[in-house]
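Engineer: What follows is the file target.csv, containing CSV, C-alpha atoms:
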```csv
chain,number,residue,atom,x,y,z
A,1,MET,CA,69.5,153.4,106.9
A,2,SER,CA,70.0,152.6,110.5
A,3,VAL,CA,67.1,150.1,110.3
A,4,GLN,CA,68.7,148.4,107.2
A,5,LEU,CA,72.1,148.2,108.9
A,6,THR,CA,70.5,146.5,112.0
A,7,LEU,CA,68.6,144.1,109.7
A,8,LYS,CA,71.8,143.1,107.9
A,9,ILE,CA,73.7,142.5,111.1
A,10,THR,CA,70.7,140.4,112.4
A,11,ILE,CA,70.6,138.3,109.2
A,12,GLY,CA,74.4,137.8,109.2
A,13,THR,CA,74.4,136.7,112.9
A,14,LEU,CA,71.5,134.3,112.2
A,15,ALA,CA,73.3,132.8,109.2
A,16,THR,CA,76.4,132.3,111.3
A,17,MET,CA,74.4,130.6,114.0
A,18,LEU,CA,72.7,128.3,111.6
A,19,ALA,CA,76.0,127.4,109.9
A,20,ALA,CA,77.5,126.5,113.3
A,21,SER,CA,74.5,124.5,114.5
A,22,PRO,CA,74.1,120.8,113.7
A,23,PRO,CA,71.2,119.9,111.4
A,24,VAL,CA,67.8,119.5,113.1
A,25,GLY,CA,67.6,115.9,114.4
A,26,ALA,CA,71.4,115.3,114.1
A,27,ASP,CA,72.4,112.6,116.6
A,28,PRO,CA,76.0,111.2,116.3
A,29,LYS,CA,75.2,108.3,118.6
A,30,ALA,CA,72.2,107.2,116.4
A,31,ASP,CA,74.4,107.7,113.3
A,32,VAL,CA,77.1,105.4,114.6
A,33,GLU,CA,74.5,102.8,115.7
A,34,ALA,CA,72.9,102.9,112.3
A,35,LEU,CA,76.4,102.5,110.7
A,36,VAL,CA,77.1,99.4,112.7
A,37,ARG,CA,73.7,97.9,112.1
A,38,ARG,CA,74.0,98.6,108.4
A,39,GLN,CA,77.4,96.9,108.3
A,40,ILE,CA,76.2,93.8,110.1
A,41,ALA,CA,73.2,93.5,107.8
A,42,SER,CA,75.5,93.5,104.7
A,43,LEU,CA,78.5,91.4,105.9
A,44,ASP,CA,78.6,89.3,102.7
A,45,ALA,CA,77.8,92.2,100.4
A,46,PRO,CA,80.2,94.5,98.5
A,47,THR,CA,78.5,97.5,100.2
A,48,VAL,CA,80.2,96.6,103.5
A,49,GLU,CA,83.4,98.2,102.2
A,50,ALA,CA,81.9,101.6,102.5
A,51,THR,CA,81.5,101.2,106.3
A,52,PHE,CA,85.3,101.2,106.9
A,53,THR,CA,88.0,103.8,106.5
A,54,ALA,CA,90.7,103.1,103.9
A,55,ASP,CA,93.3,102.2,106.6
A,56,ALA,CA,91.0,100.4,109.0
A,57,ILE,CA,92.3,97.6,111.3
A,58,ILE,CA,90.0,94.5,111.1
A,59,LEU,CA,90.5,91.7,113.6
A,60,ALA,CA,88.3,88.6,112.9
A,61,SER,CA,88.3,85.1,114.2
A,62,GLU,CA,89.6,83.8,110.9
A,63,LEU,CA,92.1,86.5,110.0
A,64,GLY,CA,94.8,85.8,112.5
A,65,THR,CA,95.8,88.2,115.2
A,66,LYS,CA,98.0,90.9,113.7
A,67,PRO,CA,96.6,94.0,112.0
A,68,PRO,CA,96.8,93.1,108.2
A,69,SER,CA,99.4,94.9,106.1
A,70,ARG,CA,97.3,94.5,103.0
A,71,LYS,CA,94.3,96.8,102.5
A,72,PRO,CA,91.8,95.6,105.2
A,73,TRP,CA,89.0,95.2,102.6
A,74,GLU,CA,91.1,92.8,100.5
A,75,VAL,CA,91.7,90.6,103.5
A,76,TYR,CA,88.1,90.8,104.7
A,77,LYS,CA,86.8,90.0,101.2
A,78,ARG,CA,89.2,87.1,100.9
A,79,VAL,CA,88.4,85.3,104.1
A,80,PHE,CA,85.8,86.7,106.5
A,81,ARG,CA,83.3,87.8,103.9
A,82,ASN,CA,83.4,84.4,102.3
A,83,LEU,CA,82.5,82.9,105.7
A,84,MET,CA,79.5,85.1,105.9
A,85,VAL,CA,77.9,83.8,102.7
A,86,GLY,CA,74.6,82.2,103.7
A,87,VAL,CA,74.7,83.7,107.1
A,88,ASP,CA,71.9,85.7,108.7
A,89,ALA,CA,73.3,88.3,111.1
A,90,LYS,CA,71.4,90.6,113.4
A,91,VAL,CA,72.6,92.9,116.1
A,92,ASP,CA,71.3,91.8,119.5
A,93,GLU,CA,72.9,94.2,122.0
A,94,LEU,CA,74.8,97.4,121.1
A,95,ALA,CA,76.4,100.0,123.3
A,96,VAL,CA,77.6,103.2,121.6
A,97,THR,CA,79.5,106.1,123.2
A,98,VAL,CA,80.5,109.3,121.3
A,99,THR,CA,83.4,111.4,122.2
A,100,ASP,CA,83.8,114.5,120.0
A,101,LYS,CA,84.8,113.2,116.5
A,102,ALA,CA,85.4,109.6,117.7
A,103,ALA,CA,83.0,106.9,119.0
A,104,TRP,CA,83.3,103.4,120.4
A,105,PHE,CA,80.9,100.5,120.3
A,106,HIS,CA,80.6,97.0,121.7
A,107,GLY,CA,77.8,94.6,121.2
A,108,THR,CA,76.6,91.1,120.4
A,109,VAL,CA,75.3,89.7,117.1
A,110,ALA,CA,73.0,86.7,116.7
A,111,ILE,CA,74.3,84.5,113.8
A,112,THR,CA,72.3,81.9,111.9
A,113,ILE,CA,74.4,79.7,109.5
A,114,ASN,CA,72.3,78.3,106.7
A,115,ASP,CA,73.5,75.0,105.3
A,116,SER,CA,73.5,75.3,101.5
A,117,PHE,CA,73.4,71.5,101.2
A,118,GLY,CA,70.4,71.0,103.4
A,119,PRO,CA,67.9,72.4,105.8
A,120,ARG,CA,70.3,72.4,108.8
A,121,LYS,CA,70.8,75.7,110.6
A,122,GLU,CA,73.4,76.5,113.2
A,123,ALA,CA,73.0,79.4,115.7
A,124,ARG,CA,76.1,81.1,116.9
A,125,VAL,CA,77.0,84.2,118.9
A,126,MET,CA,79.4,86.8,117.6
A,127,ARG,CA,80.7,89.9,119.4
A,128,ILE,CA,81.7,93.2,117.7
A,129,SER,CA,83.6,96.1,119.1
A,130,GLY,CA,85.4,99.0,117.6
A,131,ILE,CA,86.1,102.7,117.0
A,132,ALA,CA,84.3,104.9,114.5
A,133,ILE,CA,85.6,108.3,113.4
A,134,ASP,CA,83.7,111.3,111.9
A,135,ASN,CA,85.6,112.8,109.0
A,136,GLY,CA,82.8,114.2,106.9
A,137,GLY,CA,80.7,111.1,107.8
A,138,TRP,CA,81.1,108.3,110.2
A,139,LYS,CA,83.3,105.3,109.3
A,140,ILE,CA,84.8,102.4,111.2
A,141,ALA,CA,88.6,102.7,111.8
A,142,ALA,CA,89.1,99.6,113.9
A,143,GLU,CA,86.9,96.6,114.6
A,144,VAL,CA,86.9,93.2,116.2
A,145,PHE,CA,84.6,90.4,115.0
A,146,SER,CA,84.8,87.5,117.6
A,147,MET,CA,82.9,84.3,117.4
A,148,ALA,CA,82.1,82.8,120.8
A,149,VAL,CA,83.7,79.4,121.6
A,150,ASP,CA,82.8,77.3,124.5
A,151,ASP,CA,85.6,76.4,126.9
A,152,LYS,CA,85.5,72.7,126.1
A,153,THR,CA,86.1,73.3,122.5
A,154,LEU,CA,88.8,75.9,123.3
A,155,PHE,CA,90.7,73.5,125.5
A,156,ALA,CA,90.3,70.6,123.1
A,157,ASP,CA,91.6,72.6,120.2
A,158,ALA,CA,94.5,73.9,122.2
A,159,LYS,CA,95.6,70.4,123.0
A,160,LYS,CA,95.8,69.6,119.3
A,161,PHE,CA,96.7,72.9,117.7
A,162,GLY,CA,98.0,75.1,120.5
A,163,VAL,CA,101.4,76.7,121.1
A,164,ARG,CA,103.9,76.6,123.9
A,165,PRO,CA,103.4,79.5,126.2
A,166,THR,CA,105.8,82.4,125.5
A,167,THR,CA,108.3,83.9,127.9
A,168,GLY,CA,109.9,87.3,128.0
A,169,ALA,CA,108.6,90.8,127.3
A,170,PRO,CA,106.1,91.3,124.5
A,171,MET,CA,106.9,93.1,121.3
A,172,VAL,CA,105.2,96.6,121.3
A,173,THR,CA,104.4,98.4,118.1
A,174,GLY,CA,102.4,101.5,117.2
A,175,ASP,CA,102.1,104.1,120.0
A,176,ALA,CA,104.9,103.0,122.3
A,177,GLY,CA,103.6,104.9,125.4
A,178,LEU,CA,100.1,103.4,125.2
A,179,GLY,CA,101.4,100.0,124.3
A,180,ALA,CA,103.7,99.9,127.3
A,181,ILE,CA,100.8,100.8,129.6
A,182,VAL,CA,98.6,98.0,128.3
A,183,ALA,CA,101.5,95.5,128.4
A,184,GLY,CA,101.9,96.5,132.1
A,185,TRP,CA,98.3,95.4,132.8
A,186,PHE,CA,99.4,91.8,132.1
A,187,ALA,CA,103.0,91.9,133.5
A,188,LYS,CA,101.4,92.7,136.8
A,189,PRO,CA,97.8,91.5,136.3
A,190,GLN,CA,95.5,94.4,136.8
A,191,LEU,CA,92.7,94.3,134.3
A,192,GLY,CA,90.3,94.4,137.2
A,193,LYS,CA,91.8,97.7,138.4
A,194,THR,CA,92.3,99.6,135.2
A,195,ALA,CA,88.7,100.0,133.9
A,196,SER,CA,87.4,103.5,133.3
A,197,THR,CA,86.1,105.3,136.4
A,198,THR,CA,84.1,107.9,134.4
A,199,ALA,CA,82.4,105.9,131.6
A,200,ALA,CA,80.3,102.8,131.0
A,201,VAL,CA,82.4,99.7,130.3
A,202,VAL,CA,81.8,96.4,128.4
A,203,ALA,CA,83.8,93.2,128.5
A,204,ASN,CA,83.5,89.7,127.0
A,205,GLY,CA,85.5,86.6,127.2
A,206,THR,CA,85.6,83.8,124.6
A,207,ALA,CA,82.7,81.7,125.9
A,208,PRO,CA,79.1,82.4,124.8
A,209,ALA,CA,78.0,83.5,128.3
A,210,GLU,CA,80.9,85.7,129.0
A,211,TYR,CA,79.5,89.1,128.2
A,212,GLN,CA,79.0,91.8,130.8
A,213,THR,CA,78.6,95.5,131.3
A,214,GLY,CA,79.3,98.0,134.1
A,215,VAL,CA,80.4,96.6,137.4
A,216,ALA,CA,79.9,93.0,136.2
A,217,ALA,CA,82.3,93.7,133.3
A,218,ILE,CA,85.0,94.9,135.8
A,219,LYS,CA,84.4,91.7,137.9
A,220,LEU,CA,84.8,89.6,134.8
A,221,ALA,CA,88.0,91.3,133.9
A,222,ALA,CA,89.3,90.8,137.4
A,223,SER,CA,88.8,87.1,137.0
A,224,TRP,CA,91.1,87.1,134.0
A,225,ASP,CA,93.9,88.5,136.2
A,226,ALA,CA,94.0,85.0,137.9
A,227,LEU,CA,94.6,83.3,134.6
A,228,LYS,CA,98.1,82.5,133.3
A,229,LEU,CA,98.1,84.7,130.2
A,230,ARG,CA,101.4,85.2,128.5
A,231,VAL,CA,101.4,88.2,126.1
A,232,THR,CA,103.4,88.0,122.9
A,233,THR,CA,102.6,91.3,121.1
A,234,VAL,CA,100.9,94.6,121.8
A,235,ASP,CA,99.9,97.0,119.0
A,236,ALA,CA,98.5,100.4,120.0
A,237,ARG,CA,96.8,103.0,117.8
A,238,VAL,CA,95.4,106.3,118.8
A,239,HIS,CA,92.2,107.7,117.2
A,240,GLY,CA,91.5,111.1,118.7
A,241,ALA,CA,90.5,110.7,122.3
A,242,LEU,CA,90.4,106.9,122.0
A,243,GLY,CA,92.9,104.1,121.6
A,244,PHE,CA,92.6,100.7,120.0
A,245,VAL,CA,95.0,98.1,121.3
A,246,THR,CA,95.6,94.6,119.9
A,247,VAL,CA,97.1,92.0,122.3
A,248,THR,CA,98.1,88.5,121.3
A,249,ALA,CA,98.5,86.1,124.1
A,250,THR,CA,98.7,82.4,125.1
A,251,LEU,CA,96.5,81.0,127.8
A,252,THR,CA,98.3,78.3,129.8
A,253,ILE,CA,96.0,75.3,130.4
A,254,LYS,CA,96.6,73.2,133.5
A,255,GLY,CA,97.8,69.7,132.6
A,256,GLN,CA,98.6,70.6,129.0
A,257,LYS,CA,101.9,71.5,127.4
A,258,LEU,CA,100.3,73.6,124.7
A,259,GLY,CA,98.3,76.7,125.4
A,260,ALA,CA,95.4,78.3,123.6
A,261,ARG,CA,96.0,81.2,121.3
A,262,LEU,CA,94.0,84.3,122.1
A,263,VAL,CA,93.7,87.8,120.8
A,264,LEU,CA,92.3,90.8,122.7
A,265,GLY,CA,90.9,94.0,121.1
A,266,ALA,CA,90.9,96.7,123.8
A,267,ILE,CA,89.4,100.2,123.4
A,268,VAL,CA,90.9,102.6,125.9
A,269,ALA,CA,90.6,106.3,126.8
A,270,LYS,CA,92.4,108.9,128.9
A,271,ASP,CA,90.8,108.9,132.4
A,272,GLY,CA,92.4,111.4,134.6
A,273,ALA,CA,96.2,111.1,134.3
A,274,GLY,CA,96.4,107.8,132.4
A,275,TRP,CA,94.8,105.4,130.0
A,276,ARG,CA,92.0,103.1,131.2
A,277,TRP,CA,89.9,100.5,129.3
A,278,LEU,CA,86.4,101.0,128.1
A,279,SER,CA,86.0,97.7,126.2
A,280,LEU,CA,87.7,94.3,126.3
A,281,ASP,CA,86.9,91.8,123.5
A,282,TRP,CA,88.7,88.5,123.6
A,283,ALA,CA,88.6,86.3,120.5
A,284,VAL,CA,89.9,82.9,119.5
A,285,PRO,CA,91.8,82.9,116.2
A,286,ASN,CA,90.7,80.4,113.6
A,287,TRP,CA,87.4,79.5,115.4
A,288,ASP,CA,86.2,77.5,112.4
A,289,THR,CA,89.4,75.6,111.3
A,290,PRO,CA,92.6,74.6,113.0
A,291,SER,CA,94.7,76.0,110.1
A,292,TRP,CA,96.6,79.2,110.7
A,293,PRO,CA,96.6,81.6,107.7
A,294,HIS,CA,100.3,81.8,106.8
A,295,ASP,CA,101.2,84.2,104.1
A,296,ALA,CA,103.4,87.3,104.0
A,297,GLU,CA,100.5,89.7,104.4
A,298,THR,CA,97.9,88.1,106.7
A,299,SER,CA,99.9,85.9,108.9
A,300,GLY,CA,98.7,86.2,112.5
A,301,SER,CA,101.0,83.7,114.1
A,302,PRO,CA,103.0,85.0,117.0
A,303,ASP,CA,105.7,82.4,116.4
```
Would you mind writing the file's structure down as structure tokens?
Structural biologist:
Amino acid sequence: MSVQLTLKITIGTLATMLAASPPVGADPKADVEALVRRQIASLDAPTVEATFTADAIILASELGTKPPSRKPWEVYKRVFRNLMVGVDAKVDELAVTVTDKAAWFHGTVAITINDSFGPRKEARVMRISGIAIDNGGWKIAAEVFSMAVDDKTLFADAKKFGVRPTTGAPMVTGDAGLGAIVAGWFAKPQLGKTASTTAAVVANGTAPAEYQTGVAAIKLAASWDALKLRVTTVDARVHGALGFVTVTATLTIKGQKLGARLVLGAIVAKDGAGWRWLSLDWAVPNWDTPSWPHDAETSGSPD
């Protein structure tokens, strides 16, 4: 009887241990990386919907700069997915960091646009960054898709289709505390001083060659502090230990009355007593056409 009791306790303890232990081979980082790669491989397919949470925020170069009020998939399907038809996309670089039930990622994607009317092919560079959450399976809760644009094109388009630089304090929505902190990084330029001191960081500008990691990323961010960036809106959302912040801004261009519209997707985390950035991803709205999508549910105009 004593032996049987001991055996029961041993089996019960073992069962508890097995239930609490992750499956053999479980690797959250690999799971998130596989999720992102699967998404990029199916950008123009209906299956891409399954990679997002129901309330995900999607920022793409053709969707404007404010988080859409319509279901993200409906907006994505209407605009961005249509642009991906006939496009071959492959993840080139991808950094993934997992923090408990949340993870962030930032990488580059090689794009080949196949002309349906002929043999012409065009190579482009796209950046992706975002936050994934684990709620019975990993899904993406916030993501930026940013097509790289060379400075010459950026300045030329701004001259024709830009906006006058804004003045005054930006409008802050979402998490007011986090939003105010990020707004302060621009009021007194300090992107070069607010990077995480405890984690790897990644940053990209709008130009194809502007993609850096580690110390080089911080140096790149510091160079943006010297630019005349006028922030219009800041929207901050918290996902567990991470924050996703959308910043709309106007870049003042020397010798031009009109500035270039820009949007920043920033991923931040608590570092010591305050929030610091892990990822900075600048995008140019409407990289493919000068038109701005004006309707009640997808308008990204800061005007």
Engineer: Find, counting all atoms listed in the file, the residue in A:Leu278, A:Ala203, A:Ala142, A:Ile111 that gets nearest to A:Thr97.
Structural biologist: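 Residue with the minimum atom-to-atom distance to A:Thr97: A:Leu278.
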Engineer: Please compute the atom CA of A:Val36-atom CA of A:Thr108 distance, one decimal, in Å.
Structural biologist: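 That distance, rounded to one decimal, is 11.3 Å.
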Engineer: Could you pull the residues within 10 Å of stretch 213-215 of chain A, counting only C-alpha atoms, minus those fewer than 4 positions along the same chain, as number ranges by chain?
Structural biologist: A: 95, 106, 195-196, 199-204, 219-221, 278-279
Engineer: Generate the output file for the selected residues, C-alpha atoms, as a PDB file, keeping the file's coordinate frame.
Structural biologist:
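Final output, saved to selection.pdb:
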```pdb
ATOM      1  CA  ALA A  95      76.400 100.000 123.300  1.00  0.00           C
ATOM      2  CA  HIS A 106      80.600  97.000 121.700  1.00  0.00           C
ATOM      3  CA  ALA A 195      88.700 100.000 133.900  1.00  0.00           C
ATOM      4  CA  SER A 196      87.400 103.500 133.300  1.00  0.00           C
ATOM      5  CA  ALA A 199      82.400 105.900 131.600  1.00  0.00           C
ATOM      6  CA  ALA A 200      80.300 102.800 131.000  1.00  0.00           C
ATOM      7  CA  VAL A 201      82.400  99.700 130.300  1.00  0.00           C
ATOM      8  CA  VAL A 202      81.800  96.400 128.400  1.00  0.00           C
ATOM      9  CA  ALA A 203      83.800  93.200 128.500  1.00  0.00           C
ATOM     10  CA  ASN A 204      83.500  89.700 127.000  1.00  0.00           C
ATOM     11  CA  LYS A 219      84.400  91.700 137.900  1.00  0.00           C
ATOM     12  CA  LEU A 220      84.800  89.600 134.800  1.00  0.00           C
ATOM     13  CA  ALA A 221      88.000  91.300 133.900  1.00  0.00           C
ATOM     14  CA  LEU A 278      86.400 101.000 128.100  1.00  0.00           C
ATOM     15  CA  SER A 279      86.000  97.700 126.200  1.00  0.00           C
TER      16      SER A 279
END
```
Engineer: Every residue with an atom at most 9 Å from (89.5, 110.3, 132.0) (file coordinates; all atoms listed in the file) is what I'm after, so could you write them as number ranges by chain?
Structural biologist: A: 196-199, 269-276
Engineer: Which residue is closest to A:Thr246? Choose from A:Gly184, A:Gly179, A:Pro208, A:Gly107 and count all atoms listed in the file.
Structural biologist: A:Gly179
Engineer: What does the structure give for the distance between atom CA of A:Ala56 and atom CA of A:Ala180, in Å to one decimal?
Structural biologist: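 Separation between atom CA of A:Ala56 and atom CA of A:Ala180: 22.3 Å.
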Engineer: Could you jot down the atom CA of A:Asp27 to atom CA of A:Leu59 separation for me, Å, one decimal place?
Structural biologist: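 Taking atom CA of A:Asp27 as the start and atom CA of A:Leu59 as the end point, the length is 27.8 Å.
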Engineer: Using all atoms listed in the file, which protein or nucleic acid residues come within 12 Å of A:Thr153? Drop anything in the same chain fewer than 2 positions from it, and give the result as a list in words.
Structural biologist: Ala148, Val149, Asp150, Asp151, Phe155, Ala156, Asp157, Ala158, Lys159, Lys160, Phe161, Thr206, Ala207, Pro208, Ala260, Val284, Trp287, Asp288, Thr289 and Pro290 of chain A
Engineer: Choose the residue, out of A:Arg127, A:Arg164, A:Lys188, A:Arg237, that has the smallest atom-to-atom separation from A:Trp282; count all atoms listed in the file.
Structural biologist: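 Closest candidate: A:Arg127.
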Engineer: For A:Gly174, which of A:Ala209, A:Leu280, A:Val87, A:Ala236 is the closest residue, counting all atoms listed in the file?
Structural biologist: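 Counting all atoms listed in the file, the residue closest to A:Gly174 is A:Ala236.
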Engineer: Can you pull out every residue within 8 Å of A:Glu122, counting all atoms listed in the file, but drop anything in the same chain fewer than 4 positions away, and send it as an MDAnalysis selection string?
Structural biologist: chainID A and resid 112:114
Engineer: With all atoms listed in the file as the atoms that count, which of A:Val247, A:Ile267, A:Val231, A:Ile140 lies nearest to A:Asp55?
Structural biologist: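 Nearest candidate to A:Asp55 out of A:Val247, A:Ile267, A:Val231, A:Ile140: A:Ile140.
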